[in-house]
>>> print(open('entry.cif').read())   # mmCIF, C-alpha atoms
data_entry
loop_
_atom_site.label_atom_id
_atom_site.label_comp_id
_atom_site.auth_asym_id
_atom_site.auth_seq_id
_atom_site.Cartn_x
_atom_site.Cartn_y
_atom_site.Cartn_z
CA MET X 717 3.69 30.00 -40.62
CA ASN X 718 6.05 28.51 -38.07
CA PRO X 719 4.83 26.86 -34.84
CA LEU X 720 5.85 29.89 -32.75
CA GLN X 721 3.66 32.21 -34.81
CA ILE X 722 0.75 29.78 -34.60
CA LEU X 723 1.13 29.61 -30.81
CA ARG X 724 1.31 33.40 -30.52
CA ILE X 725 -1.88 33.84 -32.56
CA ALA X 726 -3.63 31.13 -30.50
CA LEU X 727 -2.68 32.81 -27.23
CA ARG X 728 -3.85 36.19 -28.49
CA ALA X 729 -7.19 34.71 -29.53
CA LEU X 730 -7.67 33.01 -26.16
CA THR X 731 -6.79 36.09 -24.11
CA ARG X 732 -9.54 38.08 -25.84
CA ASN X 733 -12.07 36.16 -23.72
CA LYS X 734 -10.13 35.38 -20.56
CA MET X 735 -13.12 34.29 -18.48
CA ARG X 736 -14.46 32.01 -21.19
CA SER X 737 -11.04 30.47 -21.70
CA PHE X 738 -10.66 29.87 -17.95
CA LEU X 739 -14.10 28.29 -17.64
CA THR X 740 -13.26 26.05 -20.61
CA MET X 741 -10.03 24.99 -18.94
CA LEU X 742 -11.86 24.38 -15.66
CA GLY X 743 -13.27 21.09 -16.90
CA VAL X 744 -9.77 19.85 -17.73
CA ILE X 745 -8.40 21.23 -14.45
CA ILE X 746 -11.02 19.35 -12.44
CA GLY X 747 -10.53 16.18 -14.48
CA VAL X 748 -6.73 16.07 -14.19
CA GLY X 749 -6.84 17.19 -10.54
CA ALA X 750 -9.34 14.44 -9.71
CA VAL X 751 -7.19 11.81 -11.44
CA ILE X 752 -4.04 12.92 -9.59
CA ALA X 753 -5.79 13.10 -6.20
CA MET X 754 -7.67 9.80 -6.54
CA VAL X 755 -4.62 7.87 -7.76
CA ALA X 756 -2.50 9.43 -4.98
CA ILE X 757 -5.01 8.25 -2.37
CA GLY X 758 -5.23 4.78 -3.92
CA GLU X 759 -1.45 4.43 -4.22
CA GLY X 760 -1.08 5.64 -0.63
CA ALA X 761 -3.48 2.94 0.56
CA LYS X 762 -1.57 0.36 -1.47
CA ALA X 763 1.77 1.52 -0.04
CA ARG X 764 0.37 1.35 3.49
CA VAL X 765 -0.78 -2.24 2.96
CA GLU X 766 2.62 -3.15 1.52
CA GLN X 767 4.40 -1.55 4.47
CA SER X 768 2.18 -3.41 6.94
CA PHE X 769 2.87 -6.78 5.33
CA ALA X 770 6.56 -5.96 4.94
CA ALA X 771 6.65 -5.35 8.70
CA MET X 772 5.04 -8.74 9.26
CA GLY X 773 7.21 -10.42 6.62
CA THR X 774 5.86 -11.41 3.20
CA ASN X 775 8.13 -14.48 3.13
CA LEU X 776 6.49 -15.72 6.31
CA LEU X 777 4.41 -18.85 6.80
CA ILE X 778 2.30 -19.22 9.94
CA ILE X 779 1.49 -22.80 10.92
CA MET X 780 -1.47 -23.30 13.24
CA PRO X 781 -2.54 -26.50 15.01
CA GLY X 782 -5.60 -28.46 13.94
CA ALA X 783 -9.26 -28.23 14.89
CA SER X 784 -10.96 -30.09 17.74
CA THR X 785 -14.29 -31.92 17.60
CA SER X 786 -16.64 -32.19 20.57
CA GLY X 787 -20.16 -33.57 20.36
CA GLY X 788 -20.22 -33.00 16.61
CA ALA X 789 -19.15 -29.36 16.98
CA MET X 790 -15.96 -28.47 15.12
CA GLY X 791 -13.58 -26.01 16.70
CA GLY X 792 -11.45 -23.63 14.66
CA PHE X 793 -7.81 -24.11 13.75
CA GLY X 794 -5.69 -23.92 16.88
CA SER X 795 -8.30 -25.53 19.12
CA ALA X 796 -6.52 -28.92 19.17
CA PRO X 797 -2.78 -29.40 19.89
CA THR X 798 -1.40 -31.26 16.87
CA LEU X 799 2.01 -29.59 16.43
CA THR X 800 4.96 -30.95 18.38
CA TRP X 801 8.33 -29.56 19.36
CA ASP X 802 9.93 -32.13 17.10
CA ASP X 803 7.91 -30.65 14.20
CA VAL X 804 9.66 -27.32 14.73
CA ARG X 805 13.11 -28.91 14.65
CA ALA X 806 12.20 -31.03 11.61
CA ILE X 807 10.96 -28.02 9.65
CA GLN X 808 14.18 -26.15 10.43
CA ASN X 809 16.49 -29.06 9.54
CA GLU X 810 14.71 -30.99 6.78
CA CYS X 811 13.18 -28.29 4.53
CA PRO X 812 15.83 -26.72 2.25
CA SER X 813 13.58 -23.76 1.39
CA VAL X 814 13.14 -22.79 5.05
CA LYS X 815 15.42 -20.07 6.42
CA ALA X 816 14.22 -20.20 10.04
CA ALA X 817 11.45 -21.80 12.10
CA ALA X 818 10.41 -20.78 15.59
CA PRO X 819 7.57 -21.55 18.02
CA ALA X 820 5.40 -18.76 19.39
CA LEU X 821 3.49 -19.27 22.65
CA ARG X 822 1.33 -16.42 23.88
CA SER X 823 -0.23 -15.35 27.14
CA ASN X 824 -1.52 -12.01 28.42
CA ALA X 825 0.29 -10.80 31.51
CA GLN X 826 0.72 -7.67 33.60
CA LEU X 827 4.22 -6.18 33.44
CA LEU X 828 5.37 -4.00 36.31
CA SER X 829 8.33 -1.63 36.37
CA GLU X 830 9.27 0.45 39.40
CA GLU X 831 6.70 3.14 38.63
CA MET X 832 4.36 1.83 35.92
CA ASN X 833 2.46 -1.29 34.90
CA TRP X 834 1.17 -2.42 31.52
CA SER X 835 -0.80 -5.43 30.27
CA VAL X 836 0.63 -7.00 27.11
CA SER X 837 0.81 -10.24 25.17
CA VAL X 838 3.95 -12.03 26.35
CA GLN X 839 5.43 -14.42 23.80
CA GLY X 840 7.63 -17.40 24.53
CA THR X 841 9.88 -18.17 21.59
CA THR X 842 13.43 -18.91 20.42
CA PRO X 843 16.16 -16.75 18.81
CA GLU X 844 15.05 -17.98 15.36
CA TYR X 845 11.82 -16.00 15.82
CA PHE X 846 13.67 -12.71 15.44
CA ILE X 847 15.31 -14.04 12.26
CA ALA X 848 12.00 -15.25 10.84
CA ARG X 849 10.30 -11.93 11.55
CA ASN X 850 13.37 -9.88 10.51
CA TRP X 851 13.07 -8.13 13.86
CA PRO X 852 16.42 -7.02 15.31
CA ALA X 853 16.94 -5.26 18.65
CA GLU X 854 17.10 -1.47 18.56
CA LEU X 855 18.60 -1.33 22.07
CA GLY X 856 20.54 -4.10 23.76
CA THR X 857 20.20 -7.56 22.25
CA THR X 858 17.80 -10.46 21.86
CA PHE X 859 18.20 -13.64 23.92
CA SER X 860 20.40 -16.52 22.76
CA GLN X 861 19.98 -20.27 22.47
CA SER X 862 21.81 -20.69 25.78
CA ASP X 863 19.08 -18.57 27.43
CA VAL X 864 16.53 -21.00 26.00
CA ASP X 865 18.48 -24.05 27.10
CA VAL X 866 18.91 -22.80 30.67
CA GLY X 867 15.54 -21.05 31.00
CA THR X 868 17.02 -17.65 31.85
CA LYS X 869 14.64 -15.01 33.19
CA VAL X 870 15.38 -12.37 30.56
CA ILE X 871 12.94 -10.34 28.48
CA VAL X 872 12.96 -8.32 25.25
CA LEU X 873 10.39 -5.53 25.16
CA GLY X 874 8.53 -4.17 22.17
CA ALA X 875 8.99 -0.44 21.52
CA THR X 876 5.47 0.47 22.70
CA THR X 877 5.74 -1.65 25.83
CA ALA X 878 9.11 -0.11 26.71
CA SER X 879 7.69 3.37 26.24
CA LYS X 880 4.68 2.64 28.48
CA LEU X 881 6.77 1.10 31.26
CA PHE X 882 9.80 3.42 31.24
CA GLY X 883 8.73 6.49 29.28
CA PRO X 884 9.53 7.66 25.74
CA SER X 885 13.18 7.77 24.64
CA SER X 886 14.26 5.81 27.70
CA ASN X 887 16.78 2.96 27.73
CA PRO X 888 15.41 0.17 29.95
CA VAL X 889 18.23 -2.28 29.18
CA GLY X 890 19.53 -3.66 32.48
CA GLN X 891 16.34 -2.72 34.38
CA THR X 892 14.24 -5.29 36.19
CA ILE X 893 10.51 -5.73 35.61
CA ARG X 894 8.03 -8.25 37.00
CA VAL X 895 5.90 -10.58 34.92
CA LYS X 896 3.25 -12.20 37.11
CA ASN X 897 5.39 -11.10 40.11
CA ILE X 898 8.43 -12.92 38.69
CA PRO X 899 11.49 -10.69 38.16
CA PHE X 900 12.93 -10.52 34.64
CA GLU X 901 15.94 -8.58 33.41
CA VAL X 902 15.37 -6.41 30.34
CA ILE X 903 18.15 -7.26 27.88
CA GLY X 904 16.81 -5.48 24.81
CA VAL X 905 14.15 -3.39 23.08
CA ALA X 906 13.00 -4.63 19.67
CA ALA X 907 13.04 -2.27 16.69
CA LYS X 908 9.72 -0.63 15.80
CA LYS X 909 7.47 -2.69 13.54
CA GLY X 910 4.37 -0.51 13.33
CA GLN X 911 0.83 -1.75 12.84
CA SER X 912 -0.71 -4.71 11.08
CA PRO X 913 -3.29 -4.23 8.27
CA MET X 914 -5.96 -4.79 10.93
CA GLY X 915 -4.57 -2.06 13.18
CA GLN X 916 -2.79 -4.30 15.71
CA ASP X 917 0.29 -2.70 17.25
CA TYR X 918 3.15 -5.15 16.69
CA ASP X 919 5.31 -3.24 19.17
CA ASP X 920 2.92 -3.71 22.09
CA THR X 921 4.45 -7.05 23.14
CA ALA X 922 7.30 -8.71 25.03
CA PHE X 923 9.43 -11.79 24.36
CA ILE X 924 10.97 -14.32 26.74
CA PRO X 925 12.73 -17.68 26.15
CA VAL X 926 10.21 -20.40 25.41
CA THR X 927 11.48 -22.63 28.22
CA THR X 928 11.14 -19.81 30.72
CA PHE X 929 7.63 -19.18 29.40
CA GLN X 930 6.63 -22.79 30.07
CA GLN X 931 8.21 -22.87 33.52
CA LYS X 932 7.10 -19.46 34.82
CA ILE X 933 4.18 -18.16 32.74
CA GLN X 934 2.16 -20.99 31.32
CA GLY X 935 2.70 -24.72 31.61
CA GLY X 936 3.32 -26.79 28.50
CA LEU X 937 1.69 -29.87 26.99
CA GLN X 938 4.79 -32.09 27.10
CA LYS X 939 5.60 -33.07 23.49
CA TYR X 940 2.80 -30.93 22.02
CA MET X 941 3.16 -27.17 21.77
CA ASN X 942 0.28 -24.89 22.69
CA GLY X 943 0.96 -22.25 20.06
CA THR X 944 1.92 -21.59 16.46
CA ILE X 945 5.06 -21.97 14.35
CA PHE X 946 6.53 -19.06 12.40
CA VAL X 947 8.49 -20.13 9.32
CA ALA X 948 10.59 -17.79 7.18
CA ALA X 949 11.20 -19.04 3.65
CA GLN X 950 14.34 -18.39 1.66
CA PRO X 951 13.97 -15.33 -0.65
CA GLY X 952 11.64 -16.11 -3.54
CA GLU X 953 10.82 -19.62 -2.30
CA VAL X 954 7.65 -19.08 -0.26
CA ALA X 955 5.49 -21.39 -2.39
CA LYS X 956 8.19 -24.08 -2.43
CA ALA X 957 8.64 -23.83 1.34
CA GLN X 958 4.88 -24.19 1.86
CA VAL X 959 4.83 -27.37 -0.24
CA GLU X 960 7.84 -28.81 1.62
CA VAL X 961 6.44 -28.00 5.07
CA THR X 962 3.02 -29.43 4.18
CA ALA X 963 4.55 -32.68 2.90
CA LEU X 964 6.81 -32.96 5.94
CA LEU X 965 4.03 -32.41 8.50
CA ARG X 966 1.65 -34.81 6.74
CA ASP X 967 4.37 -37.46 6.79
CA ARG X 968 5.24 -36.82 10.44
CA HIS X 969 1.56 -36.88 11.48
CA HIS X 970 0.97 -40.09 9.49
CA LEU X 971 -1.84 -38.65 7.39
CA LEU X 972 -3.02 -40.87 4.54
CA ALA X 973 -3.81 -39.67 1.04
CA GLY X 974 -7.27 -38.09 1.05
CA GLN X 975 -7.16 -37.21 4.73
CA ASP X 976 -7.47 -33.55 5.65
CA ASP X 977 -4.49 -31.75 7.15
CA ASP X 978 -4.52 -31.57 10.94
CA PHE X 979 -2.82 -28.17 10.71
CA SER X 980 -3.25 -24.94 8.78
CA ILE X 981 -0.58 -22.96 6.91
CA ARG X 982 -1.18 -19.30 6.14
CA SER X 983 1.07 -17.58 3.63
CA LEU X 984 1.39 -13.85 4.15
CA ALA X 985 2.62 -13.52 0.57
CA GLU X 986 -0.78 -14.72 -0.68
CA ILE X 987 -2.64 -12.45 1.73
CA ALA X 988 -0.46 -9.48 0.76
CA GLY X 989 -1.03 -10.22 -2.92
CA ALA X 990 -4.79 -10.33 -2.44
CA GLN X 991 -4.72 -7.07 -0.50
CA ALA X 992 -2.55 -5.40 -3.13
CA GLU X 993 -4.86 -6.60 -5.90
CA GLY X 994 -7.84 -5.21 -4.03
CA THR X 995 -6.26 -1.79 -3.58
CA LYS X 996 -5.15 -1.83 -7.25
CA THR X 997 -8.75 -2.43 -8.34
CA PHE X 998 -9.91 0.33 -6.01
CA THR X 999 -7.30 2.74 -7.43
CA THR X 1000 -8.28 1.87 -11.00
CA LEU X 1001 -11.94 2.47 -10.18
CA LEU X 1002 -11.19 5.87 -8.65
CA ALA X 1003 -9.01 6.88 -11.60
CA SER X 1004 -11.67 5.75 -14.09
CA VAL X 1005 -14.37 7.79 -12.37
CA ALA X 1006 -12.06 10.81 -12.31
CA ALA X 1007 -11.18 10.32 -15.99
CA VAL X 1008 -14.85 10.74 -16.91
CA SER X 1009 -14.69 14.34 -15.71
CA LEU X 1010 -11.64 14.83 -17.95
CA LEU X 1011 -13.66 13.64 -20.94
CA VAL X 1012 -16.42 16.05 -19.96
CA GLY X 1013 -13.80 18.78 -19.96
CA GLY X 1014 -12.82 17.73 -23.50
CA ILE X 1015 -16.43 18.04 -24.62
CA GLY X 1016 -16.43 21.54 -23.13
CA ILE X 1017 -13.37 22.40 -25.23
CA MET X 1018 -15.11 21.15 -28.39
CA ASN X 1019 -18.22 23.15 -27.58
CA ILE X 1020 -16.32 26.40 -27.04
CA MET X 1021 -14.17 25.89 -30.12
CA LEU X 1022 -17.28 25.39 -32.26
CA VAL X 1023 -18.70 28.61 -30.85
CA SER X 1024 -15.38 30.31 -31.57
CA VAL X 1025 -15.43 29.12 -35.20
CA THR X 1026 -18.90 30.56 -35.63
CA GLU X 1027 -17.98 33.88 -34.02
CA ARG X 1028 -14.79 34.25 -36.06
CA THR X 1029 -16.10 33.18 -39.46
CA ARG X 1030 -15.37 36.60 -41.02
CA GLU X 1031 -11.86 36.56 -39.47
CA ILE X 1032 -11.26 33.14 -41.06
CA GLY X 1033 -12.49 34.49 -44.40
CA VAL X 1034 -10.13 37.47 -44.19
CA ARG X 1035 -7.16 35.24 -43.38
CA MET X 1036 -7.94 32.98 -46.32
CA ALA X 1037 -8.43 35.96 -48.61
CA ILE X 1038 -4.94 37.29 -47.84
CA GLY X 1039 -3.26 33.92 -48.39
CA ALA X 1040 -3.80 31.68 -45.41
CA LYS X 1041 -4.18 28.04 -46.45
CA PRO X 1042 -6.63 25.55 -44.89
CA ARG X 1043 -3.77 23.84 -43.02
CA HIS X 1044 -2.87 27.18 -41.39
CA ILE X 1045 -6.45 27.64 -40.16
CA LEU X 1046 -6.51 24.01 -38.99
CA ALA X 1047 -3.23 24.48 -37.11
CA GLN X 1048 -4.42 27.73 -35.49
CA PHE X 1049 -7.64 26.32 -34.03
CA LEU X 1050 -5.96 23.06 -33.09
CA ALA X 1051 -3.26 25.06 -31.27
CA GLU X 1052 -5.96 26.94 -29.34
CA ALA X 1053 -7.61 23.70 -28.24
CA LEU X 1054 -4.23 22.18 -27.32
CA THR X 1055 -3.23 25.30 -25.37
CA LEU X 1056 -6.46 25.19 -23.36
CA SER X 1057 -6.02 21.49 -22.54
CA MET X 1058 -2.29 21.72 -21.75
CA PHE X 1059 -2.61 24.74 -19.45
CA GLY X 1060 -5.63 23.08 -17.84
CA GLY X 1061 -3.64 19.87 -17.37
CA MET X 1062 -0.70 21.63 -15.71
CA ILE X 1063 -2.95 23.61 -13.38
CA GLY X 1064 -4.86 20.37 -12.68
CA VAL X 1065 -1.65 18.65 -11.59
CA LEU X 1066 -1.00 21.41 -9.07
CA ALA X 1067 -4.64 21.33 -7.90
CA GLY X 1068 -4.63 17.52 -7.59
CA THR X 1069 -1.36 17.52 -5.64
CA TRP X 1070 -2.72 20.14 -3.26
CA ALA X 1071 -6.03 18.27 -2.87
CA ALA X 1072 -4.21 15.00 -2.10
CA GLY X 1073 -2.09 16.72 0.55
CA TYR X 1074 -5.12 18.44 2.06
CA LEU X 1075 -7.10 15.19 2.31
CA ALA X 1076 -4.07 13.48 3.84
CA ARG X 1077 -3.81 16.15 6.55
CA GLN X 1078 -7.55 16.29 7.23
CA PHE X 1079 -8.27 12.58 7.47
CA GLY X 1080 -4.87 11.13 8.33
CA TRP X 1081 -4.64 9.27 5.02
CA GLN X 1082 -1.40 8.28 3.36
CA THR X 1083 -0.98 9.57 -0.20
CA LEU X 1084 1.66 8.85 -2.84
CA ILE X 1085 2.13 11.07 -5.90
CA ARG X 1086 3.42 8.99 -8.80
CA PRO X 1087 5.44 10.99 -11.36
CA ASP X 1088 4.46 8.60 -14.17
CA ILE X 1089 0.76 9.10 -13.45
CA THR X 1090 1.31 12.88 -13.45
CA ILE X 1091 2.98 12.72 -16.86
CA ILE X 1092 0.25 10.41 -18.20
CA ALA X 1093 -2.48 12.75 -16.92
CA VAL X 1094 -0.93 15.79 -18.63
CA ALA X 1095 -0.36 13.80 -21.84
CA PHE X 1096 -3.94 12.54 -21.69
CA SER X 1097 -5.24 16.09 -21.28
CA ALA X 1098 -3.21 17.08 -24.36
CA GLY X 1099 -4.72 14.15 -26.22
CA VAL X 1100 -8.18 15.27 -25.16
CA GLY X 1101 -7.43 18.74 -26.55
CA ILE X 1102 -6.29 17.30 -29.89
CA VAL X 1103 -9.17 14.83 -30.23
CA PHE X 1104 -11.93 17.23 -29.24
CA GLY X 1105 -10.33 20.19 -31.00
CA MET X 1106 -9.86 18.41 -34.32
CA TYR X 1107 -13.49 18.62 -35.46
CA PRO X 1108 -13.89 22.39 -34.87
CA ALA X 1109 -10.45 22.99 -36.45
CA ARG X 1110 -11.35 20.96 -39.56
CA LYS X 1111 -14.68 22.74 -39.80
CA ALA X 1112 -12.90 26.09 -39.71
CA SER X 1113 -10.34 25.03 -42.33
CA LYS X 1114 -13.04 23.93 -44.78
CA LEU X 1115 -14.97 27.20 -44.78
CA ASP X 1116 -15.48 28.85 -48.18
CA PRO X 1117 -13.61 32.19 -48.06
CA ILE X 1118 -16.32 33.99 -50.08
CA GLN X 1119 -19.11 32.70 -47.88
CA ALA X 1120 -17.04 33.48 -44.77
CA LEU X 1121 -16.55 37.10 -45.85
CA ARG X 1122 -20.29 37.51 -46.41
CA PHE X 1123 -21.07 36.05 -42.97
CA GLU X 1124 -22.74 38.49 -40.54
#
>>> encode(input="entry.cif", output="structure tokens")
Amino acid sequence: MNPLQILRIALRALTRNKMRSFLTMLGVIIGVGAVIAMVAIGEGAKARVEQSFAAMGTNLLIIMPGASTSGGAMGGFGSAPTLTWDDVRAIQNECPSVKAAAPALRSNAQLLSEEMNWSVSVQGTTPEYFIARNWPAELGTTFSQSDVDVGTKVIVLGATTASKLFGPSSNPVGQTIRVKNIPFEVIGVAAKKGQSPMGQDYDDTAFIPVTTFQQKIQGGLQKYMNGTIFVAAQPGEVAKAQVEVTALLRDRHHLLAGQDDDFSIRSLAEIAGAQAEGTKTFTTLLASVAAVSLLVGGIGIMNIMLVSVTERTREIGVRMAIGAKPRHILAQFLAEALTLSMFGGMIGVLAGTWAAGYLARQFGWQTLIRPDITIIAVAFSAGVGIVFGMYPARKASKLDPIQALRFE
């Protein structure tokens, strides 16, 4: 018997009891569908985390000032000014692994256009900030070093801020807005960044030259800076840059061996890696739980095939009596089990894809269908059919033809 004949006989046998065959496949359909849907949700969550950190910049180091102590009570990092303006220049010039370093001073302020007003976090920084954050202007341009040197009253708006002040799809470049009643010219709108992993809108902000910030928005601390330093490492050299910056700052701050750092460095690459590992574990857990239902479906296939062997004992005896060999009987019942699992797997892929899309629409989740997982799920369902169909098929192939013909 050739494989085509075996398949035709298997299909004919299965179509005799359509409802039973469908119910047998249902376990596999649910199992494969659950695997596809759960992995799609998990991969979507992972992709969303990766996108959020990519927007922030995974090659980014954030340096915060040290902690203050008052009456035995320790403040958190950033409560004591320990970083200086010279530190920023030294990091930029003396660390080979550093691509760009920029200060970031922040203050909440009310921005007023001709018709609207909006409260945002205004940041005082330098042109290197836009390089470090990989944040170009979508409209207009960002400010230059000459703007910083002179203290020009120019401002770059985030996409959300521009939309709130001037309306969606507007071009505010060249317009004048007021920051704390001080007029600033809008020279650019930054490209959209999206949200952080914590839900913060990166685009709800505005940027002005750091010198203008100190003169007009918030006074400075002379040689100390009242803010943080953003450092972009060269590609693939985040860990090396962190080591270089740490050594440089400890040397500049005259810290002895054994003394704690009077600053804190946060690596977004490490945070992103931890987040990705967490979502990977979550995805694996979901897929494992879903795979259990696929195994249950395989047990259902074995159960039905055993029942089928019992019901068709006389048929098996007749086939053997007219020349069918044990391997032919084995192949026939194995083909039936494989057909049930394969059709169930393919229907399960469609069901899982639909379920993932439905959940995404209902709850606003992001899903990602991975072709390799789809192929693995179908292959796994085929493997389930072979494994759980082998025992009933072997049992059928070992029947005694004489005893089978006498079976009632």
>>> atom_distance(input="entry.cif", atom1="CA of Gly840 in chain X", atom2="CA of Phe929 in chain X")
5.2 Å
>>> closest_residue(input="entry.cif", among="X:Val864, X:Leu1011, X:Ile1063, X:Ala848", to="Gln950 in chain X", atoms="only C-alpha atoms")
X:Ala848
>>> residues_near_point(input="entry.cif", point="(-5.9, 21.7, -32.0)", cutoff="10 Å", atoms="only C-alpha atoms", output="short mmCIF file (atom, residue, chain, number, x, y, z; two decimals) with C-alpha atoms, keeping the file's coordinate frame")
data_model
loop_
_atom_site.label_atom_id
_atom_site.label_comp_id
_atom_site.auth_asym_id
_atom_site.auth_seq_id
_atom_site.Cartn_x
_atom_site.Cartn_y
_atom_site.Cartn_z
CA ALA X 726 -3.63 31.13 -30.50
CA MET X 1018 -15.11 21.15 -28.39
CA MET X 1021 -14.17 25.89 -30.12
CA LEU X 1046 -6.51 24.01 -38.99
CA ALA X 1047 -3.23 24.48 -37.11
CA GLN X 1048 -4.42 27.73 -35.49
CA PHE X 1049 -7.64 26.32 -34.03
CA LEU X 1050 -5.96 23.06 -33.09
CA ALA X 1051 -3.26 25.06 -31.27
CA GLU X 1052 -5.96 26.94 -29.34
CA ALA X 1053 -7.61 23.70 -28.24
CA LEU X 1054 -4.23 22.18 -27.32
CA THR X 1055 -3.23 25.30 -25.37
CA LEU X 1056 -6.46 25.19 -23.36
CA SER X 1057 -6.02 21.49 -22.54
CA ALA X 1098 -3.21 17.08 -24.36
CA GLY X 1099 -4.72 14.15 -26.22
CA VAL X 1100 -8.18 15.27 -25.16
CA GLY X 1101 -7.43 18.74 -26.55
CA ILE X 1102 -6.29 17.30 -29.89
CA VAL X 1103 -9.17 14.83 -30.23
CA PHE X 1104 -11.93 17.23 -29.24
CA GLY X 1105 -10.33 20.19 -31.00
CA MET X 1106 -9.86 18.41 -34.32
CA TYR X 1107 -13.49 18.62 -35.46
CA PRO X 1108 -13.89 22.39 -34.87
CA ALA X 1109 -10.45 22.99 -36.45
CA ARG X 1110 -11.35 20.96 -39.56
#
>>> resolve_selection(input="entry.cif", expression="the PyMOL selection byres ((chain X and resi 868) around 12)", output="PyMOL selection string")
chain X and resi 840+859-867+869-871+898-903+924-932
>>> residues_near_point(input="entry.cif", point="(11.8, -1.6, 33.1)", cutoff="9 Å", atoms="all atoms listed in the file", output="JSON, numbers by chain")
{"X": [827, 828, 829, 830, 831, 832, 873, 878, 881, 882, 887, 888, 889, 890, 891, 892, 893, 894, 901, 902]}
>>> resolve_selection(input="entry.cif", expression="the PyMOL selection byres ((chain X and resi 818) around 9)", output="PyMOL selection string")
chain X and resi 804-805+808+816-817+819-820+841-848+944-948
>>> resolve_selection(input="entry.cif", expression="the PyMOL selection byres ((chain X and resi 906) around 6)", output="list of chain:residue names")
X:Ala853, X:Glu854, X:Gly874, X:Val905, X:Ala907
>>> residues_around(input="entry.cif", residues="Lys939 in chain X", least_positions_apart="3", cutoff="8 Å", atoms="only C-alpha atoms", output="PyMOL selection string")
chain X and resi 800-802
>>> write_last_selection(input="entry.cif", atoms="C-alpha atoms", output="mmCIF file, in the coordinates of the input")
data_model
loop_
_atom_site.group_PDB
_atom_site.id
_atom_site.type_symbol
_atom_site.label_atom_id
_atom_site.label_comp_id
_atom_site.auth_asym_id
_atom_site.auth_seq_id
_atom_site.Cartn_x
_atom_site.Cartn_y
_atom_site.Cartn_z
ATOM 1 C CA THR X 800 4.960 -30.950 18.380
ATOM 2 C CA TRP X 801 8.330 -29.560 19.360
ATOM 3 C CA ASP X 802 9.930 -32.130 17.100
#
>>> closest_residue(input="entry.cif", among="X:Pro797, X:Gly1080, X:Gly1060, X:Gly910", to="Gly749 in chain X", atoms="only C-alpha atoms")
X:Gly1060
>>> atom_distance(input="entry.cif", atom1="CA of Gln826 in chain X", atom2="CA of Arg849 in chain X")
24.4 Å
>>> atom_distance(input="entry.cif", atom1="CA of Asn897 in chain X", atom2="CA of Met941 in chain X")
24.5 Å
>>> axis_aligned_box(input="entry.cif", around="range 1001-1016 of chain X", padding_each_side="4 Å", output="JSON")
{"center_x": -12.7, "center_y": 12.0, "center_z": -16.6, "size_x": 15.4, "size_y": 27.1, "size_z": 24.0}
>>> closest_residue(input="entry.cif", among="X:Leu730, X:Ala1112, X:Leu964, X:Val1023", to="Cys811 in chain X", atoms="only C-alpha atoms")
X:Leu964
>>> residues_around(input="entry.cif", residues="Arg968 in chain X", least_positions_apart="5", cutoff="12 Å", atoms="only C-alpha atoms", output="list in words")
Thr798, Leu799, Thr800, Trp801, Asp802, Asp803, Val804, Arg805, Ala806, Ile807, Glu810, Val961, Thr962, Ala963, Asp977, Asp978 and Phe979 of chain X
